[in-house]
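> Got a file for you: data-v9.pdb, PDB, C-alpha atoms.
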ATOM      1  CA  MET C   1       0.000   0.000   0.000
ATOM      2  CA  ASP C   2       2.947   2.327  -0.621
ATOM      3  CA  TRP C   3       0.868   4.261  -3.123
ATOM      4  CA  LEU C   4      -1.333   5.379  -0.205
ATOM      5  CA  SER C   5       1.613   6.742   1.778
ATOM      6  CA  VAL C   6       2.258  10.467   1.865
ATOM      7  CA  SER C   7       4.919  12.835   3.175
ATOM      8  CA  PHE C   8       4.192  16.158   4.848
ATOM      9  CA  PRO C   9       7.002  18.656   4.179
ATOM     10  CA  VAL C  10       6.239  21.041   7.061
ATOM     11  CA  SER C  11       6.139  18.421   9.816
ATOM     12  CA  GLY C  12       8.412  15.849   8.186
ATOM     13  CA  VAL C  13       5.806  13.155   8.870
ATOM     14  CA  HIS C  14       5.568  10.174   6.507
ATOM     15  CA  THR C  15       2.504   7.953   6.941
ATOM     16  CA  TRP C  16      -0.493   6.428   5.194
ATOM     17  CA  LEU C  17      -3.023   8.852   3.754
ATOM     18  CA  TRP C  18      -5.934   7.186   5.537
ATOM     19  CA  LEU C  19      -4.362   7.032   9.016
ATOM     20  CA  PRO C  20      -4.753  10.687  10.202
ATOM     21  CA  PRO C  21      -8.482  10.972   9.354
ATOM     22  CA  LEU C  22      -9.236   7.510  10.758
ATOM     23  CA  VAL C  23      -7.516   8.199  14.081
ATOM     24  CA  ALA C  24      -9.180  11.621  14.312
ATOM     25  CA  PHE C  25     -12.615  10.147  13.554
ATOM     26  CA  VAL C  26     -12.402   7.551  16.332
ATOM     27  CA  LEU C  27     -11.068   9.991  18.927
ATOM     28  CA  SER C  28     -13.549  12.730  18.024
ATOM     29  CA  PHE C  29     -16.549  10.415  18.087
ATOM     30  CA  PHE C  30     -16.036   9.547  21.742
ATOM     31  CA  CYS C  31     -14.534  12.824  22.966
ATOM     32  CA  SER C  32     -17.249  15.054  21.494
ATOM     33  CA  MET C  33     -19.770  13.406  23.835
ATOM     34  CA  VAL C  34     -18.124  15.111  26.810
ATOM     35  CA  GLY C  35     -17.354  18.392  25.054
ATOM     36  CA  ILE C  36     -13.725  17.674  24.173
ATOM     37  CA  SER C  37     -12.596  17.862  20.564
ATOM     38  CA  GLY C  38     -10.073  15.027  20.729
ATOM     39  CA  ALA C  39      -7.115  17.325  20.024
ATOM     40  CA  PHE C  40      -5.564  16.516  23.399
ATOM     41  CA  LEU C  41      -5.397  12.845  22.342
ATOM     42  CA  LEU C  42      -4.016  13.697  18.919
ATOM     43  CA  MET C  43      -0.954  15.271  20.539
ATOM     44  CA  PRO C  44       0.294  11.995  22.068
ATOM     45  CA  PHE C  45      -0.432  10.323  18.706
ATOM     46  CA  GLN C  46       1.591  12.952  16.848
ATOM     47  CA  MET C  47       4.490  12.681  19.280
ATOM     48  CA  SER C  48       4.588   8.886  19.661
ATOM     49  CA  ALA C  49       3.298   7.479  16.355
ATOM     50  CA  LEU C  50       4.262  10.235  13.916
ATOM     51  CA  GLY C  51       7.335  11.672  15.640
ATOM     52  CA  PHE C  52       6.037  15.245  15.433
ATOM     53  CA  ALA C  53       6.544  17.110  18.723
ATOM     54  CA  GLY C  54       7.763  20.656  18.005
ATOM     55  CA  PRO C  55       5.751  23.860  18.567
ATOM     56  CA  SER C  56       4.267  23.413  15.086
ATOM     57  CA  ALA C  57       2.597  20.235  16.342
ATOM     58  CA  SER C  58       0.551  22.340  18.778
ATOM     59  CA  ALA C  59      -0.443  24.663  15.936
ATOM     60  CA  THR C  60      -1.408  21.655  13.784
ATOM     61  CA  ASN C  61      -3.649  20.424  16.579
ATOM     62  CA  LEU C  62      -5.448  23.771  16.507
ATOM     63  CA  VAL C  63      -5.988  23.421  12.748
ATOM     64  CA  PHE C  64      -7.669  20.083  13.463
ATOM     65  CA  ASN C  65     -10.065  21.899  15.798
ATOM     66  CA  LEU C  66     -11.004  24.419  13.104
ATOM     67  CA  PHE C  67     -12.148  21.640  10.794
ATOM     68  CA  ALA C  68     -13.592  19.235  13.350
ATOM     69  CA  THR C  69     -15.469  21.226  16.008
ATOM     70  CA  PRO C  70     -18.109  22.762  13.663
ATOM     71  CA  GLY C  71     -19.544  19.262  13.176
ATOM     72  CA  GLY C  72     -20.274  18.835  16.867
ATOM     73  CA  VAL C  73     -21.332  22.459  17.371
ATOM     74  CA  TRP C  74     -23.823  22.269  14.498
ATOM     75  CA  ARG C  75     -25.352  19.090  15.881
ATOM     76  CA  TYR C  76     -25.834  20.586  19.345
ATOM     77  CA  VAL C  77     -27.309  23.777  17.862
ATOM     78  CA  ARG C  78     -29.612  21.780  15.599
ATOM     79  CA  GLU C  79     -30.969  19.825  18.560
ATOM     80  CA  GLY C  80     -31.425  22.967  20.685
ATOM     81  CA  ARG C  81     -28.765  21.892  23.186
ATOM     82  CA  MET C  82     -26.286  24.762  22.865
ATOM     83  CA  PHE C  83     -25.513  26.702  26.058
ATOM     84  CA  TRP C  84     -24.553  30.011  24.435
ATOM     85  CA  ALA C  85     -23.987  31.921  27.692
ATOM     86  CA  LEU C  86     -21.392  29.382  28.823
ATOM     87  CA  ALA C  87     -19.791  29.283  25.357
ATOM     88  CA  GLY C  88     -19.337  33.056  25.464
ATOM     89  CA  LEU C  89     -17.693  32.996  28.892
ATOM     90  CA  ILE C  90     -15.345  30.197  27.847
ATOM     91  CA  THR C  91     -14.282  32.144  24.765
ATOM     92  CA  LEU C  92     -13.877  35.471  26.562
ATOM     93  CA  GLY C  93     -11.793  34.000  29.364
ATOM     94  CA  SER C  94      -9.656  31.717  27.205
ATOM     95  CA  LEU C  95      -8.479  34.138  24.518
ATOM     96  CA  PRO C  96      -5.827  35.990  26.600
ATOM     97  CA  GLY C  97      -4.657  32.657  28.004
ATOM     98  CA  ILE C  98      -4.029  31.348  24.482
ATOM     99  CA  VAL C  99      -1.396  34.044  23.884
ATOM    100  CA  LEU C 100       0.361  33.306  27.189
ATOM    101  CA  GLY C 101       0.245  29.594  26.384
ATOM    102  CA  PHE C 102       2.015  30.210  23.090
ATOM    103  CA  TYR C 103       4.957  31.885  24.822
ATOM    104  CA  LEU C 104       5.078  29.174  27.475
ATOM    105  CA  ARG C 105       5.315  26.578  24.708
ATOM    106  CA  VAL C 106       8.043  28.240  22.612
ATOM    107  CA  LEU C 107      10.128  29.608  25.515
ATOM    108  CA  TYR C 108      10.030  26.818  28.087
ATOM    109  CA  LEU C 109       8.682  23.664  26.411
ATOM    110  CA  PRO C 110      10.166  23.557  22.895
ATOM    111  CA  ASP C 111      11.816  20.127  23.186
ATOM    112  CA  ALA C 112       9.950  16.820  23.150
ATOM    113  CA  ALA C 113      11.053  15.555  26.593
ATOM    114  CA  ARG C 114       9.853  18.532  28.626
ATOM    115  CA  PHE C 115       6.694  18.860  26.557
ATOM    116  CA  LYS C 116       5.811  15.179  27.091
ATOM    117  CA  LEU C 117       6.162  15.763  30.836
ATOM    118  CA  PHE C 118       3.770  18.715  30.587
ATOM    119  CA  VAL C 119       1.321  16.632  28.528
ATOM    120  CA  GLY C 120       1.423  13.809  31.054
ATOM    121  CA  VAL C 121       0.694  16.096  33.990
ATOM    122  CA  VAL C 122      -2.234  17.764  32.175
ATOM    123  CA  LEU C 123      -3.781  14.415  31.230
ATOM    124  CA  LEU C 124      -3.423  12.996  34.739
ATOM    125  CA  LEU C 125      -4.992  16.125  36.228
ATOM    126  CA  LEU C 126      -7.964  15.809  33.893
ATOM    127  CA  SER C 127      -8.362  12.104  34.659
ATOM    128  CA  TRP C 128      -8.368  12.831  38.394
ATOM    129  CA  ARG C 129     -11.075  15.447  37.922
ATOM    130  CA  LEU C 130     -13.237  13.072  35.928
ATOM    131  CA  LEU C 131     -12.749  10.015  38.153
ATOM    132  CA  ALA C 132     -13.182  11.836  41.475
ATOM    133  CA  GLU C 133     -16.808  10.798  41.798
ATOM    134  CA  PHE C 134     -15.937   7.109  41.445
ATOM    135  CA  VAL C 135     -13.974   6.910  44.695
ATOM    136  CA  PRO C 136     -15.377   4.325  47.151
ATOM    137  CA  TRP C 137     -16.371   6.892  49.775
ATOM    138  CA  LYS C 138     -18.614   8.817  47.375
ATOM    139  CA  SER C 139     -22.167   8.549  48.656
ATOM    140  CA  THR C 140     -24.550   6.211  46.861
ATOM    141  CA  ARG C 141     -27.037   9.026  46.551
ATOM    142  CA  GLN C 142     -24.556  11.243  44.700
ATOM    143  CA  GLN C 143     -23.583   8.420  42.350
ATOM    144  CA  ALA C 144     -27.226   7.646  41.607
ATOM    145  CA  ALA C 145     -27.787  11.259  40.652
ATOM    146  CA  THR C 146     -25.183  10.971  37.915
ATOM    147  CA  ILE C 147     -26.831   7.836  36.518
ATOM    148  CA  ALA C 148     -30.359   9.150  36.414
ATOM    149  CA  SER C 149     -31.288  10.824  33.168
ATOM    150  CA  SER C 150     -34.303  12.161  31.378
ATOM    151  CA  PRO C 151     -35.104  12.012  27.677
ATOM    152  CA  ASP C 152     -35.665  15.782  27.767
ATOM    153  CA  MET C 153     -32.339  17.431  26.883
ATOM    154  CA  SER C 154     -33.624  21.002  26.606
ATOM    155  CA  LEU C 155     -31.823  23.707  28.577
ATOM    156  CA  ARG C 156     -33.574  26.805  29.923
ATOM    157  CA  ILE C 157     -31.569  29.783  31.213
ATOM    158  CA  ARG C 158     -33.134  31.293  34.313
ATOM    159  CA  HIS C 159     -30.652  34.154  34.828
ATOM    160  CA  ALA C 160     -27.463  35.294  33.063
ATOM    161  CA  GLY C 161     -25.822  38.259  34.804
ATOM    162  CA  LEU C 162     -22.455  39.715  35.668
ATOM    163  CA  LYS C 163     -22.328  37.844  38.966
ATOM    164  CA  ARG C 164     -24.037  34.534  38.321
ATOM    165  CA  VAL C 165     -25.606  32.317  35.651
ATOM    166  CA  THR C 166     -28.382  29.885  36.546
ATOM    167  CA  PHE C 167     -30.230  27.432  34.324
ATOM    168  CA  VAL C 168     -32.614  24.494  34.472
ATOM    169  CA  PHE C 169     -31.658  21.174  32.870
ATOM    170  CA  GLN C 170     -33.631  17.930  33.159
ATOM    171  CA  GLY C 171     -35.816  19.429  35.881
ATOM    172  CA  GLU C 172     -32.908  20.508  38.104
ATOM    173  CA  GLU C 173     -31.491  23.993  38.648
ATOM    174  CA  HIS C 174     -27.755  24.535  38.222
ATOM    175  CA  GLY C 175     -25.590  27.637  38.435
ATOM    176  CA  PHE C 176     -22.088  29.055  38.601
ATOM    177  CA  SER C 177     -20.249  32.281  39.347
ATOM    178  CA  THR C 178     -19.560  34.338  36.216
ATOM    179  CA  PHE C 179     -16.209  35.558  37.556
ATOM    180  CA  ALA C 180     -15.134  32.071  38.623
ATOM    181  CA  MET C 181     -15.952  30.685  35.167
ATOM    182  CA  LEU C 182     -13.940  33.460  33.487
ATOM    183  CA  ALA C 183     -10.983  32.783  35.792
ATOM    184  CA  LEU C 184     -11.142  29.067  35.067
ATOM    185  CA  ALA C 185     -11.347  29.738  31.318
ATOM    186  CA  PHE C 186      -8.251  31.945  31.536
ATOM    187  CA  VAL C 187      -6.231  29.211  33.244
ATOM    188  CA  VAL C 188      -7.292  26.477  30.845
ATOM    189  CA  GLY C 189      -6.687  28.900  27.980
ATOM    190  CA  ILE C 190      -3.021  28.996  29.003
ATOM    191  CA  ILE C 191      -2.898  25.197  29.133
ATOM    192  CA  GLY C 192      -4.813  24.901  25.872
ATOM    193  CA  GLY C 193      -2.564  27.370  24.085
ATOM    194  CA  THR C 194       0.526  25.509  25.266
ATOM    195  CA  TYR C 195      -0.817  22.075  24.418
ATOM    196  CA  GLY C 196      -2.473  23.105  21.140
ATOM    197  CA  ILE C 197      -6.006  22.100  22.009
ATOM    198  CA  GLY C 198      -7.777  25.448  22.319
ATOM    199  CA  GLY C 199      -8.987  27.038  25.524
ATOM    200  CA  GLY C 200     -12.389  25.373  25.517
ATOM    201  CA  ALA C 201     -11.117  21.871  24.916
ATOM    202  CA  ILE C 202     -10.282  21.015  28.520
ATOM    203  CA  ILE C 203     -12.747  23.220  30.348
ATOM    204  CA  ALA C 204     -15.523  20.626  30.159
ATOM    205  CA  PRO C 205     -13.981  18.269  32.766
ATOM    206  CA  PHE C 206     -13.441  21.214  35.118
ATOM    207  CA  CYS C 207     -17.014  22.443  34.624
ATOM    208  CA  ILE C 208     -18.238  18.948  35.417
ATOM    209  CA  ALA C 209     -16.000  18.353  38.441
ATOM    210  CA  VAL C 210     -15.639  21.839  39.966
ATOM    211  CA  PHE C 211     -18.981  23.476  39.156
ATOM    212  CA  ARG C 212     -20.942  20.186  39.173
ATOM    213  CA  LEU C 213     -22.558  20.971  35.826
ATOM    214  CA  PRO C 214     -24.131  18.122  33.823
ATOM    215  CA  VAL C 215     -22.077  16.671  30.953
ATOM    216  CA  HIS C 216     -24.953  16.876  28.495
ATOM    217  CA  ALA C 217     -25.385  20.600  29.142
ATOM    218  CA  VAL C 218     -21.693  21.518  28.996
ATOM    219  CA  ALA C 219     -20.506  19.583  25.925
ATOM    220  CA  GLY C 220     -21.853  21.837  23.167
ATOM    221  CA  ALA C 221     -20.649  25.053  24.817
ATOM    222  CA  ALA C 222     -17.167  23.630  25.345
ATOM    223  CA  LEU C 223     -16.896  22.688  21.666
ATOM    224  CA  ALA C 224     -18.085  26.147  20.585
ATOM    225  CA  GLY C 225     -15.484  27.746  22.839
ATOM    226  CA  THR C 226     -12.844  25.393  21.432
ATOM    227  CA  PHE C 227     -13.553  26.551  17.888
ATOM    228  CA  ALA C 228     -13.324  30.252  18.741
ATOM    229  CA  THR C 229     -10.126  29.945  20.759
ATOM    230  CA  SER C 230      -8.506  27.598  18.226
ATOM    231  CA  LEU C 231      -9.067  30.229  15.539
ATOM    232  CA  ALA C 232      -7.158  32.707  17.675
ATOM    233  CA  GLY C 233      -4.533  30.084  18.511
ATOM    234  CA  VAL C 234      -3.771  29.322  14.866
ATOM    235  CA  ALA C 235      -3.272  33.041  14.230
ATOM    236  CA  VAL C 236      -0.969  33.349  17.252
ATOM    237  CA  TYR C 237       1.228  30.411  16.209
ATOM    238  CA  SER C 238       1.267  31.530  12.570
ATOM    239  CA  PHE C 239       2.031  35.232  12.983
ATOM    240  CA  LEU C 240       3.793  35.782  16.317
ATOM    241  CA  PRO C 241       7.559  35.349  15.829
ATOM    242  CA  LEU C 242       9.592  32.847  17.809
ATOM    243  CA  PRO C 243      12.291  34.184  20.168
ATOM    244  CA  GLY C 244      15.060  32.993  17.843
ATOM    245  CA  GLY C 245      13.311  34.121  14.687
ATOM    246  CA  GLY C 246      10.855  32.361  12.378
ATOM    247  CA  TYR C 247       7.379  31.077  13.163
ATOM    248  CA  ALA C 248       5.703  27.934  14.527
ATOM    249  CA  ALA C 249       3.209  27.724  11.661
ATOM    250  CA  PRO C 250       1.020  24.604  11.508
ATOM    251  CA  ASP C 251       1.217  21.791   8.989
ATOM    252  CA  TRP C 252      -2.054  22.680   7.249
ATOM    253  CA  TRP C 253      -2.154  19.562   5.109
ATOM    254  CA  LEU C 254      -1.732  17.186   8.065
ATOM    255  CA  GLY C 255      -4.073  19.244  10.254
ATOM    256  CA  SER C 256      -6.723  19.243   7.520
ATOM    257  CA  LEU C 257      -6.609  15.460   7.187
ATOM    258  CA  PHE C 258      -7.043  15.154  10.943
ATOM    259  CA  GLY C 259      -9.847  17.700  10.758
ATOM    260  CA  LEU C 260     -11.860  15.947   8.055
ATOM    261  CA  GLY C 261     -11.973  12.754  10.101
ATOM    262  CA  GLY C 262     -12.760  14.764  13.223
ATOM    263  CA  LEU C 263     -15.608  16.614  11.514
ATOM    264  CA  ALA C 264     -17.475  13.381  10.837
ATOM    265  CA  GLY C 265     -16.603  11.916  14.230
ATOM    266  CA  MET C 266     -17.818  14.943  16.175
ATOM    267  CA  TYR C 267     -21.102  15.222  14.320
ATOM    268  CA  LEU C 268     -21.940  11.558  14.923
ATOM    269  CA  GLY C 269     -20.653  11.640  18.503
ATOM    270  CA  ALA C 270     -22.786  14.672  19.349
ATOM    271  CA  ALA C 271     -25.826  12.923  17.892
ATOM    272  CA  PHE C 272     -25.118   9.729  19.858
ATOM    273  CA  GLN C 273     -24.377  11.497  23.143
ATOM    274  CA  ARG C 274     -27.977  11.757  24.324
ATOM    275  CA  HIS C 275     -28.199   7.950  24.433
ATOM    276  CA  VAL C 276     -25.175   7.427  26.714
ATOM    277  CA  PRO C 277     -25.450   7.859  30.520
ATOM    278  CA  GLN C 278     -23.315  10.624  32.010
ATOM    279  CA  ARG C 279     -21.539   8.254  34.396
ATOM    280  CA  VAL C 280     -20.406   6.017  31.549
ATOM    281  CA  LEU C 281     -19.029   8.972  29.583
ATOM    282  CA  LYS C 282     -17.061  10.369  32.508
ATOM    283  CA  GLY C 283     -15.667   7.029  33.632
ATOM    284  CA  ALA C 284     -14.468   5.894  30.202
ATOM    285  CA  LEU C 285     -12.795   9.219  29.422
ATOM    286  CA  GLY C 286     -11.162   9.395  32.843
ATOM    287  CA  VAL C 287      -9.582   5.949  32.471
ATOM    288  CA  LEU C 288      -8.316   6.796  28.993
ATOM    289  CA  LEU C 289      -6.760  10.050  30.192
ATOM    290  CA  ALA C 290      -5.062   8.313  33.106
ATOM    291  CA  GLY C 291      -3.495   5.735  30.779
ATOM    292  CA  LEU C 292      -2.250   8.327  28.311
ATOM    293  CA  GLY C 293      -0.954  10.587  31.071
ATOM    294  CA  GLY C 294       1.014   7.774  32.639
ATOM    295  CA  PHE C 295       2.430   6.779  29.235
ATOM    296  CA  ASN C 296       3.754  10.291  28.629
ATOM    297  CA  LEU C 297       5.457  10.382  32.026
ATOM    298  CA  LEU C 298       7.383   7.147  31.399
TER     299      LEU C 298
END
How does this structure look as structure tokens?


Amino acid sequence: MDWLSVSFPVSGVHTWLWLPPLVAFVLSFFCSMVGISGAFLLMPFQMSALGFAGPSASATNLVFNLFATPGGVWRYVREGRMFWALAGLITLGSLPGIVLGFYLRVLYLPDAARFKLFVGVVLLLLSWRLLAEFVPWKSTRQQAATIASSPDMSLRIRHAGLKRVTFVFQGEEHGFSTFAMLALAFVVGIIGGTYGIGGGAIIAPFCIAVFRLPVHAVAGAALAGTFATSLAGVAVYSFLPLPGGGYAAPDWWLGSLFGLGGLAGMYLGAAFQRHVPQRVLKGALGVLLAGLGGFNLL
């Protein structure tokens, strides 16, 4: 099958033409259900399987988001499950963090070894956040609440102000501090800009674990925030100069192949999400993150 192999001049990657979209499709299908694009899993794949770990790899991950996230966002909008107030806060808080993340990446984490350590720590932190509710001492009542679900996935905003946002989802009222959400978005924007996954890509697990928001309500907003911040991230990596000169521009051809597979995977994953219990989604993703995080620390 050598005729299906292809070389990417920018990244130096040589692989089969079908492999990037296939990997992106599988990752995006499952990750989109919890509001994560799958870009954070593409980074270990790029580093380990493709041997692509420089700053341009982070930019290429952001290109993947530009192609892939609209599929999931459109599906959530189409089904009336988009939490626009949360999406706006994620975007507003993450954008300045993206710029800081870029400089953290090119100044302090340019080599593969240190960057893999950073990746491992981020993944393990996310896995801990997601798996926290599965600890043995968690009350049975709290666990049952995560299993119970209703076929009604509509979301109704009760109040959206400068201090607090409250909404009703599946018959229960939820809320969060506007300032706290902006602060969280800023922090994950820094991580997302460094890692190349967009500011919104990792905020979903924190929204679920810290603010106790339901997965099904957060997912669409997180993907919308990921698209907006990834757009800014690609511009930052493409046009801000590196300290030693030059730019960390993405490999557009490789990122586009990833993105085409991710576009289909996110659309189908968003459609399938309503049929999967929240507890199953959180547990499976948490285990996967823990495994990948440990692998990167080895």

> If you count all atoms listed in the file, which residues fall within 6 Å of Phe64 in chain C, apart from same-chain ones fewer than 6 positions away, as a PDB file with C-alpha atoms, keeping the file's coordinate frame?


ATOM      1  CA  GLY C 255      -4.073  19.244  10.254  1.00  0.00           C
ATOM      2  CA  PHE C 258      -7.043  15.154  10.943  1.00  0.00           C
ATOM      3  CA  GLY C 259      -9.847  17.700  10.758  1.00  0.00           C
TER       4      GLY C 259
END

> Would you compute the distance between CA of Glu79 in chain C and CA of Gly283 in chain C? Give it in Å to one decimal.

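Value for the CA of Glu79 in chain C-CA of Gly283 in chain C distance: 25.0 Å.
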
> Which residues of range 232-284 of chain C come within 12 Å of range 24-44 of chain C, and for each one, what is the closest pair of atoms and their distance in Å to one decimal, counting all atoms listed in the file, sorted by chain and residue number, as a Markdown table?


| residue | atom | partner | partner_atom | distance |
| --- | --- | --- | --- | --- |
| C:Leu254 | CA | C:Ala24 | CA | 11.2 |
| C:Gly255 | CA | C:Ala24 | CA | 10.0 |
| C:Ser256 | CA | C:Ala24 | CA | 10.5 |
| C:Leu257 | CA | C:Ala24 | CA | 8.5 |
| C:Phe258 | CA | C:Ala24 | CA | 5.3 |
| C:Gly259 | CA | C:Ala24 | CA | 7.1 |
| C:Leu260 | CA | C:Phe25 | CA | 8.0 |
| C:Gly261 | CA | C:Phe25 | CA | 4.4 |
| C:Gly262 | CA | C:Phe25 | CA | 4.6 |
| C:Leu263 | CA | C:Phe25 | CA | 7.4 |
| C:Ala264 | CA | C:Phe25 | CA | 6.4 |
| C:Gly265 | CA | C:Phe29 | CA | 4.1 |
| C:Met266 | CA | C:Phe29 | CA | 5.1 |
| C:Tyr267 | CA | C:Phe29 | CA | 7.6 |
| C:Leu268 | CA | C:Phe29 | CA | 6.4 |
| C:Gly269 | CA | C:Phe29 | CA | 4.3 |
| C:Ala270 | CA | C:Met33 | CA | 5.6 |
| C:Ala271 | CA | C:Met33 | CA | 8.5 |
| C:Phe272 | CA | C:Met33 | CA | 7.6 |
| C:Gln273 | CA | C:Met33 | CA | 5.0 |
| C:Arg274 | CA | C:Met33 | CA | 8.4 |
| C:His275 | CA | C:Met33 | CA | 10.1 |
| C:Val276 | CA | C:Met33 | CA | 8.6 |
| C:Pro277 | CA | C:Met33 | CA | 10.4 |
| C:Gln278 | CA | C:Val34 | CA | 8.6 |
| C:Arg279 | CA | C:Val34 | CA | 10.8 |
| C:Val280 | CA | C:Val34 | CA | 10.5 |
| C:Leu281 | CA | C:Val34 | CA | 6.8 |
| C:Lys282 | CA | C:Val34 | CA | 7.5 |
| C:Gly283 | CA | C:Val34 | CA | 10.9 |
| C:Ala284 | CA | C:Phe30 | CA | 9.3 |

> I'd like the interatomic distance between CA of Gly51 in chain C and CA of Pro20 in chain C, to a tenth of an Å.

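CA of Gly51 in chain C sits 13.3 Å away from CA of Pro20 in chain C.
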
> Between C:Leu89, C:Leu125, C:Ala235, C:Val215, single out the one closest to Leu182 in chain C, counting only C-alpha atoms.

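Counting only C-alpha atoms, the residue closest to Leu182 in chain C is C:Leu89.
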
> Here is a test: counting only C-alpha atoms, which residue of C:Arg129, C:Arg75, C:Arg81, C:Lys116 is nearest to Leu289 in chain C?

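Of all the options, C:Arg129 lies closest to Leu289 in chain C.
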
> Using the chain letters and residue numbers of this document, give as an MDAnalysis selection string the residues selected by the PyMOL selection byres ((chain C and resi 297) around 6).

chainID C and resid 117 120 294:296 298

> Taking 4 positions as the minimum chain separation for residues in the same chain, which residues sit within 12 Å of Gly246 in chain C when counting all atoms listed in the file? Answer as a ChimeraX atom specification.

/C:55-56,106,237-242
